$ cat upload-v7.txt   # compact mmCIF, C-alpha atoms
# COMPACT_ATOMS: atom_id res chain seq x y z
CA MET M 29 84.64 92.93 104.72
CA MET M 30 85.81 92.62 108.30
CA ARG M 31 86.43 95.80 110.29
CA CYS M 32 90.08 96.45 110.85
CA ILE M 33 92.51 99.27 111.27
CA GLU M 34 95.14 99.39 108.55
CA ARG M 35 98.41 101.00 109.57
CA ALA M 36 102.15 100.93 109.07
CA ALA M 37 103.90 97.97 110.67
CA MET M 38 105.97 98.90 113.72
CA LEU M 39 108.77 97.21 115.62
CA GLY M 40 106.29 96.50 118.43
CA ASP M 41 104.45 94.20 116.00
CA VAL M 42 107.39 91.81 115.50
CA ARG M 43 106.29 89.20 118.06
CA ASP M 44 102.74 89.10 116.62
CA LEU M 45 104.13 88.97 113.07
CA GLU M 46 106.35 86.05 114.02
CA GLN M 47 103.40 84.17 115.51
CA ALA M 48 101.15 84.91 112.51
CA GLU M 49 103.93 83.90 110.13
CA ALA M 50 104.22 80.49 111.82
CA GLU M 51 100.46 80.02 111.39
CA CYS M 52 100.55 80.97 107.71
CA PHE M 53 103.72 79.52 106.18
CA PRO M 54 105.66 76.24 106.27
CA ASP M 55 108.91 78.24 106.02
CA PRO M 56 108.20 81.26 108.28
CA TRP M 57 110.35 84.34 108.48
CA PRO M 58 111.97 84.94 111.88
CA GLY M 59 111.07 88.17 113.61
CA ARG M 60 114.43 89.76 112.79
CA PHE M 61 113.53 89.63 109.06
CA PHE M 62 110.38 91.67 109.70
CA ALA M 63 112.33 94.14 111.86
CA ALA M 64 115.00 94.50 109.17
CA GLU M 65 112.36 95.18 106.51
CA MET M 66 110.69 97.85 108.64
CA MET M 67 114.02 99.62 109.19
CA ALA M 68 115.24 99.45 105.58
CA PRO M 69 114.64 102.19 102.99
CA ALA M 70 112.20 101.86 100.07
CA ARG M 71 109.79 99.58 101.94
CA TYR M 72 106.02 99.48 102.27
CA CYS M 73 105.00 97.50 105.36
CA ARG M 74 101.35 97.41 106.49
CA ILE M 75 99.21 95.46 108.90
CA CYS M 76 95.50 95.10 109.55
CA ALA M 77 94.67 95.04 113.26
CA GLY M 78 91.35 94.11 114.81
CA PRO M 79 89.37 96.48 117.05
CA SER M 80 91.27 95.15 120.10
CA GLY M 81 94.63 95.63 118.34
CA ASP M 82 95.28 91.98 117.46
CA LEU M 83 97.16 91.37 114.20
CA LEU M 84 94.86 89.93 111.52
CA ALA M 85 96.83 90.33 108.26
CA TYR M 86 100.06 91.86 106.97
CA LEU M 87 101.86 92.97 103.83
CA PHE M 88 105.60 93.62 103.32
CA CYS M 89 106.91 95.08 100.06
CA VAL M 90 110.14 96.54 98.68
CA TRP M 91 110.57 98.97 95.82
CA GLN M 92 112.72 97.65 92.98
CA TYR M 93 113.01 100.62 90.65
CA LEU M 94 109.37 101.33 89.58
CA ASP M 95 108.04 97.92 90.70
CA LEU M 96 106.68 97.31 94.19
CA HIS M 97 107.74 93.73 94.94
CA VAL M 98 105.44 91.94 97.37
CA LEU M 99 107.65 89.97 99.77
CA LYS M 100 104.91 88.80 102.13
CA VAL M 101 101.16 89.04 102.23
CA ALA M 102 99.16 86.87 104.59
CA THR M 103 95.98 86.67 106.60
CA ARG M 104 95.87 84.61 109.77
CA PRO M 105 93.81 81.43 109.20
CA ALA M 106 90.98 82.46 111.55
CA TYR M 107 90.40 85.68 109.56
CA ARG M 108 90.68 84.47 105.97
CA ARG M 109 88.06 85.01 103.27
CA GLN M 110 86.95 88.32 104.80
CA GLY M 111 88.67 90.66 102.35
CA LEU M 112 91.73 91.57 104.43
CA GLY M 113 94.34 90.36 101.91
CA ARG M 114 92.43 92.07 99.11
CA ARG M 115 92.34 95.29 101.17
CA LEU M 116 96.10 95.23 101.78
CA MET M 117 96.81 94.53 98.10
CA ALA M 118 94.54 97.44 97.10
CA SER M 119 96.44 99.67 99.54
CA ALA M 120 99.73 98.59 97.96
CA GLU M 121 98.38 99.28 94.48
CA GLN M 122 97.30 102.76 95.55
CA HIS M 123 100.79 103.29 96.98
CA VAL M 124 102.29 102.36 93.59
CA LYS M 125 100.06 104.94 91.90
CA ASP M 126 100.79 107.60 94.54
CA GLN M 127 104.54 107.07 94.06
CA ALA M 128 104.27 107.11 90.23
CA GLY M 129 105.33 103.48 90.12
CA GLU M 130 104.48 101.13 87.29
CA SER M 131 103.79 97.67 88.63
CA MET M 132 103.55 95.16 91.44
CA THR M 133 105.25 91.76 91.30
CA LEU M 134 105.10 88.73 93.57
CA GLU M 135 105.99 85.07 93.77
CA VAL M 136 103.47 82.43 94.84
CA ARG M 137 103.86 78.68 95.34
CA THR M 138 102.69 76.66 92.36
CA SER M 139 100.58 74.58 94.78
CA ASN M 140 98.81 77.64 96.28
CA HIS M 141 95.88 77.64 93.87
CA GLY M 142 93.69 79.82 96.11
CA ALA M 143 96.24 82.63 96.26
CA ARG M 144 97.01 82.37 92.56
CA GLU M 145 93.30 82.72 91.75
CA LEU M 146 92.98 85.72 94.09
CA TYR M 147 95.94 87.44 92.41
CA ARG M 148 94.49 86.67 88.97
CA ARG M 149 91.16 88.24 90.02
CA LEU M 150 93.10 91.29 91.27
CA GLY M 151 94.58 91.73 87.78
CA PHE M 152 97.94 89.97 88.13
CA GLN M 153 99.26 88.02 85.16
CA THR M 154 101.66 85.09 85.20
CA VAL M 155 104.98 86.30 83.77
CA GLY M 156 107.39 83.54 84.74
CA LEU M 157 108.42 80.61 86.89
CA ARG M 158 111.23 80.41 89.44
CA ARG M 159 112.30 76.78 89.71
CA GLY M 160 113.14 75.53 93.21
CA TYR M 161 112.45 78.98 94.69
CA TYR M 162 111.22 77.90 98.13
CA SER M 163 113.27 76.18 100.85
CA ASP M 164 111.51 72.88 100.11
CA ARG M 165 112.44 73.31 96.41
CA GLU M 166 108.85 74.02 95.27
CA ASP M 167 108.61 76.27 92.22
CA ALA M 168 107.20 79.80 92.41
CA VAL M 169 104.90 81.37 89.84
CA VAL M 170 105.91 85.00 89.19
CA MET M 171 102.93 87.32 88.74
CA THR M 172 102.86 91.03 87.81
CA LYS M 173 100.18 93.68 87.72
CA TRP M 174 100.67 96.91 85.79
CA CYS M 175 99.34 99.76 87.95
CA GLY M 176 100.81 102.98 86.64
CA ASP M 177 100.20 105.14 83.62
CA MET M 178 102.81 103.41 81.46
CA MET M 179 100.21 101.01 80.05
CA GLY M 180 97.89 103.89 79.18
CA MET M 181 100.74 105.82 77.54
CA HIS M 182 101.68 102.75 75.52
CA HIS M 183 98.12 102.39 74.26
CA GLU M 184 97.98 106.09 73.37
CA THR M 185 101.09 105.90 71.22
CA THR M 186 99.98 102.77 69.34
CA ARG M 187 96.60 104.08 68.21
$ encode --input "upload-v7.txt" --output "C-alpha cells"
Amino acid sequence: MMRCIERAAMLGDVRDLEQAEAECFPDPWPGRFFAAEMMAPARYCRICAGPSGDLLAYLFCVWQYLDLHVLKVATRPAYRRQGLGRRLMASAEQHVKDQAGESMTLEVRTSNHGARELYRRLGFQTVGLRRGYYSDREDAVVMTKWCGDMMGMHHETTR
C-alpha cells in the first residue's frame, strides 16, 4: 500500500479536488459542490495526500439516518491499484462503527466493473438499480454493506 497521509478534507483542497475529479469522472463535480459538502452537517470527507501534500485519493459521504452514503470515492489515475480507495473505504467503515451506524451505501455505474468488483470484495452487496441515474442516462447499481451490530443482533435473536 502506498504511503499517504489520510486527513479531513479542507476548503484549501477544493482546487486539487476539482482537478482530480476531472481526471476521474466523465461528469465531474465543480469545486463548489466539494466546498458545500465540507461545510454541511453530517458529512464525512477525507483525502489521502502524498508525502509532498499532493492529493492522491478522496472520499465524500453523508449520513442518512444510520447509513453512511458514499457520494464520491476516487483515486487519481496515476495512483490507482495501490490500496488508497480500499484504505478510505475502511476508514469510512470504521467511522460508521464509531458512530454506532448500521451500513454504508453507494451507487456505481453499471459499466464500472472494476469498482463493482472492489466493492463486492469489500463486502458490499447489490441491493438495487437506479435507472438513468447519471447525467448520460447510464444506470447505477446500488450497493450496501452492513457494518454495525444490527446484523449480529438479528442473528442472536433468530437462533
$ closest_atom_pairs --input "upload-v7.txt" --of "segment 29-62 of chain M" --to "segment 91-100 of chain M" --cutoff "10 Å" --atoms "all atoms listed in the file" --output "Markdown table"
| residue | atom | partner | partner_atom | distance |
| --- | --- | --- | --- | --- |
| M:Glu49 | CA | M:Lys100 | CA | 9.4 |
| M:Trp57 | CA | M:Lys100 | CA | 9.5 |
| M:Phe62 | CA | M:Lys100 | CA | 9.8 |
$ write_last_selection --input "upload-v7.txt" --atoms "C-alpha atoms" --output "PDB file, keeping the file's coordinate frame"
ATOM      1  CA  GLU M  49     103.930  83.900 110.130  1.00  0.00           C
ATOM      2  CA  TRP M  57     110.350  84.340 108.480  1.00  0.00           C
ATOM      3  CA  PHE M  62     110.380  91.670 109.700  1.00  0.00           C
TER       4      PHE M  62
END
$ atom_distance --input "upload-v7.txt" --atom1 "atom CA of Asp126 of chain M" --atom2 "atom CA of Leu150 of chain M"
18.3 Å
$ atom_distance --input "upload-v7.txt" --atom1 "atom CA of Thr172 of chain M" --atom2 "atom CA of Cys32 of chain M"
26.9 Å
$ closest_residue --input "upload-v7.txt" --among "M:Ala128, M:Ala102, M:Met67, M:Leu39" --to "Trp174 of chain M" --atoms "only C-alpha atoms"
M:Ala128
$ residues_around --input "upload-v7.txt" --residues "Arg43 of chain M" --least-positions-apart "6" --cutoff "12 Å" --atoms "all atoms listed in the file" --output "VMD selection string"
chain M and resid 37 49 to 50 57 to 63 82 to 83
$ atom_distance --input "upload-v7.txt" --atom1 "atom CA of Phe152 of chain M" --atom2 "atom CA of Ala85 of chain M"
20.2 Å
$ residues_around --input "upload-v7.txt" --residues "segment 157-160 of chain M" --least-positions-apart "5" --cutoff "10 Å" --atoms "all atoms listed in the file" --output "ChimeraX atom specification"
/M:135-138,165-171
$ residues_around --input "upload-v7.txt" --residues "Ile75 of chain M" --least-positions-apart "6" --cutoff "12 Å" --atoms "all atoms listed in the file" --output "VMD selection string"
chain M and resid 32 to 42 44 to 45 48 62 66 81 to 89 100 to 104 112 to 113 115 to 117 119 to 120
$ closest_residue --input "upload-v7.txt" --among "M:Cys175, M:Gln47, M:Tyr147, M:Ala70" --to "Lys125 of chain M" --atoms "only C-alpha atoms"
M:Cys175
$ closest_residue --input "upload-v7.txt" --among "M:Tyr72, M:Gly78, M:Pro105, M:Ser139" --to "Gln122 of chain M" --atoms "all atoms listed in the file"
M:Tyr72
$ closest_residue --input "upload-v7.txt" --among "M:Leu146, M:Gln127, M:His141, M:Glu121" --to "Arg109 of chain M" --atoms "all atoms listed in the file"
M:Leu146
$ decode --input "upload-v7.txt" --residues "segment 73-181 of chain M" --atoms "C-alpha atoms" --output "CSV table (one decimal), in the first residue's frame"
chain,number,residue,atom,x,y,z
M,73,CYS,CA,-15.0,14.0,3.9
M,74,ARG,CA,-11.5,12.5,3.7
M,75,ILE,CA,-8.5,12.7,1.5
M,76,CYS,CA,-5.2,10.8,1.1
M,77,ALA,CA,-2.3,13.1,0.4
M,78,GLY,CA,1.2,12.1,-0.7
M,79,PRO,CA,4.3,12.9,1.3
M,80,SER,CA,4.6,16.2,-0.6
M,81,GLY,CA,1.0,17.1,0.1
M,82,ASP,CA,-0.4,16.3,-3.3
M,83,LEU,CA,-3.9,14.9,-3.4
M,84,LEU,CA,-4.0,11.2,-4.3
M,85,ALA,CA,-7.5,10.0,-3.4
M,86,TYR,CA,-10.7,11.3,-1.8
M,87,LEU,CA,-13.9,10.2,-0.2
M,88,PHE,CA,-17.1,12.2,0.5
M,89,CYS,CA,-20.0,10.8,2.4
M,90,VAL,CA,-23.2,12.0,4.0
M,91,TRP,CA,-25.1,10.4,6.9
M,92,GLN,CA,-28.7,9.4,6.0
M,93,TYR,CA,-30.1,8.3,9.4
M,94,LEU,CA,-27.9,5.2,10.3
M,95,ASP,CA,-26.5,4.8,6.8
M,96,LEU,CA,-23.3,6.5,5.6
M,97,HIS,CA,-24.0,7.2,1.9
M,98,VAL,CA,-20.8,7.3,-0.2
M,99,LEU,CA,-21.2,10.3,-2.6
M,100,LYS,CA,-17.7,10.2,-4.1
M,101,VAL,CA,-14.7,7.9,-3.8
M,102,ALA,CA,-11.9,8.2,-6.3
M,103,THR,CA,-8.2,7.7,-6.7
M,104,ARG,CA,-6.3,9.7,-9.3
M,105,PRO,CA,-5.4,7.5,-12.3
M,106,ALA,CA,-1.6,7.7,-11.6
M,107,TYR,CA,-2.1,6.3,-8.1
M,108,ARG,CA,-4.7,3.5,-8.7
M,109,ARG,CA,-4.3,-0.1,-7.6
M,110,GLN,CA,-2.2,0.8,-4.6
M,111,GLY,CA,-4.8,0.4,-1.9
M,112,LEU,CA,-5.8,4.0,-1.4
M,113,GLY,CA,-9.5,3.6,-2.3
M,114,ARG,CA,-9.6,0.5,-0.1
M,115,ARG,CA,-8.0,2.5,2.8
M,116,LEU,CA,-10.5,5.3,2.5
M,117,MET,CA,-13.4,2.8,2.4
M,118,ALA,CA,-12.0,1.1,5.5
M,119,SER,CA,-11.8,4.5,7.3
M,120,ALA,CA,-15.4,5.2,6.4
M,121,GLU,CA,-16.5,1.8,7.7
M,122,GLN,CA,-14.7,2.4,11.0
M,123,HIS,CA,-16.4,5.8,11.2
M,124,VAL,CA,-19.8,4.0,10.8
M,125,LYS,CA,-18.9,1.7,13.7
M,126,ASP,CA,-17.6,4.6,15.8
M,127,GLN,CA,-20.8,6.5,15.3
M,128,ALA,CA,-23.0,3.4,16.0
M,129,GLY,CA,-24.2,3.4,12.4
M,130,GLU,CA,-25.5,0.4,10.6
M,131,SER,CA,-24.5,0.5,7.0
M,132,MET,CA,-22.8,2.1,4.0
M,133,THR,CA,-24.5,2.6,0.7
M,134,LEU,CA,-23.2,3.8,-2.7
M,135,GLU,CA,-24.1,3.9,-6.3
M,136,VAL,CA,-21.7,2.8,-9.1
M,137,ARG,CA,-22.1,2.9,-12.9
M,138,THR,CA,-23.2,-0.5,-14.3
M,139,SER,CA,-20.2,-0.2,-16.7
M,140,ASN,CA,-17.6,0.2,-13.9
M,141,HIS,CA,-16.9,-3.4,-13.5
M,142,GLY,CA,-13.6,-2.8,-11.6
M,143,ALA,CA,-15.2,-0.7,-9.0
M,144,ARG,CA,-18.1,-3.0,-8.6
M,145,GLU,CA,-15.7,-5.9,-8.0
M,146,LEU,CA,-13.8,-3.9,-5.5
M,147,TYR,CA,-16.9,-3.1,-3.6
M,148,ARG,CA,-18.0,-6.7,-3.7
M,149,ARG,CA,-14.7,-7.8,-2.3
M,150,LEU,CA,-15.1,-5.2,0.5
M,151,GLY,CA,-18.4,-6.8,1.5
M,152,PHE,CA,-20.9,-4.7,-0.4
M,153,GLN,CA,-24.0,-6.4,-1.8
M,154,THR,CA,-26.1,-5.3,-4.8
M,155,VAL,CA,-29.4,-4.1,-3.4
M,156,GLY,CA,-31.0,-2.3,-6.3
M,157,LEU,CA,-30.7,-0.4,-9.6
M,158,ARG,CA,-31.3,3.3,-10.3
M,159,ARG,CA,-32.3,3.6,-14.0
M,160,GLY,CA,-30.9,6.6,-15.8
M,161,TYR,CA,-29.1,7.8,-12.6
M,162,TYR,CA,-26.1,9.5,-14.3
M,163,SER,CA,-26.2,12.6,-16.5
M,164,ASP,CA,-25.5,10.5,-19.6
M,165,ARG,CA,-28.5,8.3,-18.5
M,166,GLU,CA,-26.4,5.3,-17.6
M,167,ASP,CA,-27.9,3.1,-14.8
M,168,ALA,CA,-26.4,2.9,-11.3
M,169,VAL,CA,-26.1,-0.3,-9.3
M,170,VAL,CA,-26.9,0.4,-5.6
M,171,MET,CA,-24.7,-1.5,-3.2
M,172,THR,CA,-24.9,-1.7,0.6
M,173,LYS,CA,-22.6,-3.1,3.3
M,174,TRP,CA,-23.9,-3.8,6.8
M,175,CYS,CA,-21.3,-2.5,9.3
M,176,GLY,CA,-22.9,-2.1,12.6
M,177,ASP,CA,-24.1,-4.5,15.3
M,178,MET,CA,-27.7,-4.8,13.9
M,179,MET,CA,-26.7,-7.8,11.8
M,180,GLY,CA,-25.2,-9.5,14.9
M,181,MET,CA,-28.3,-8.7,17.0
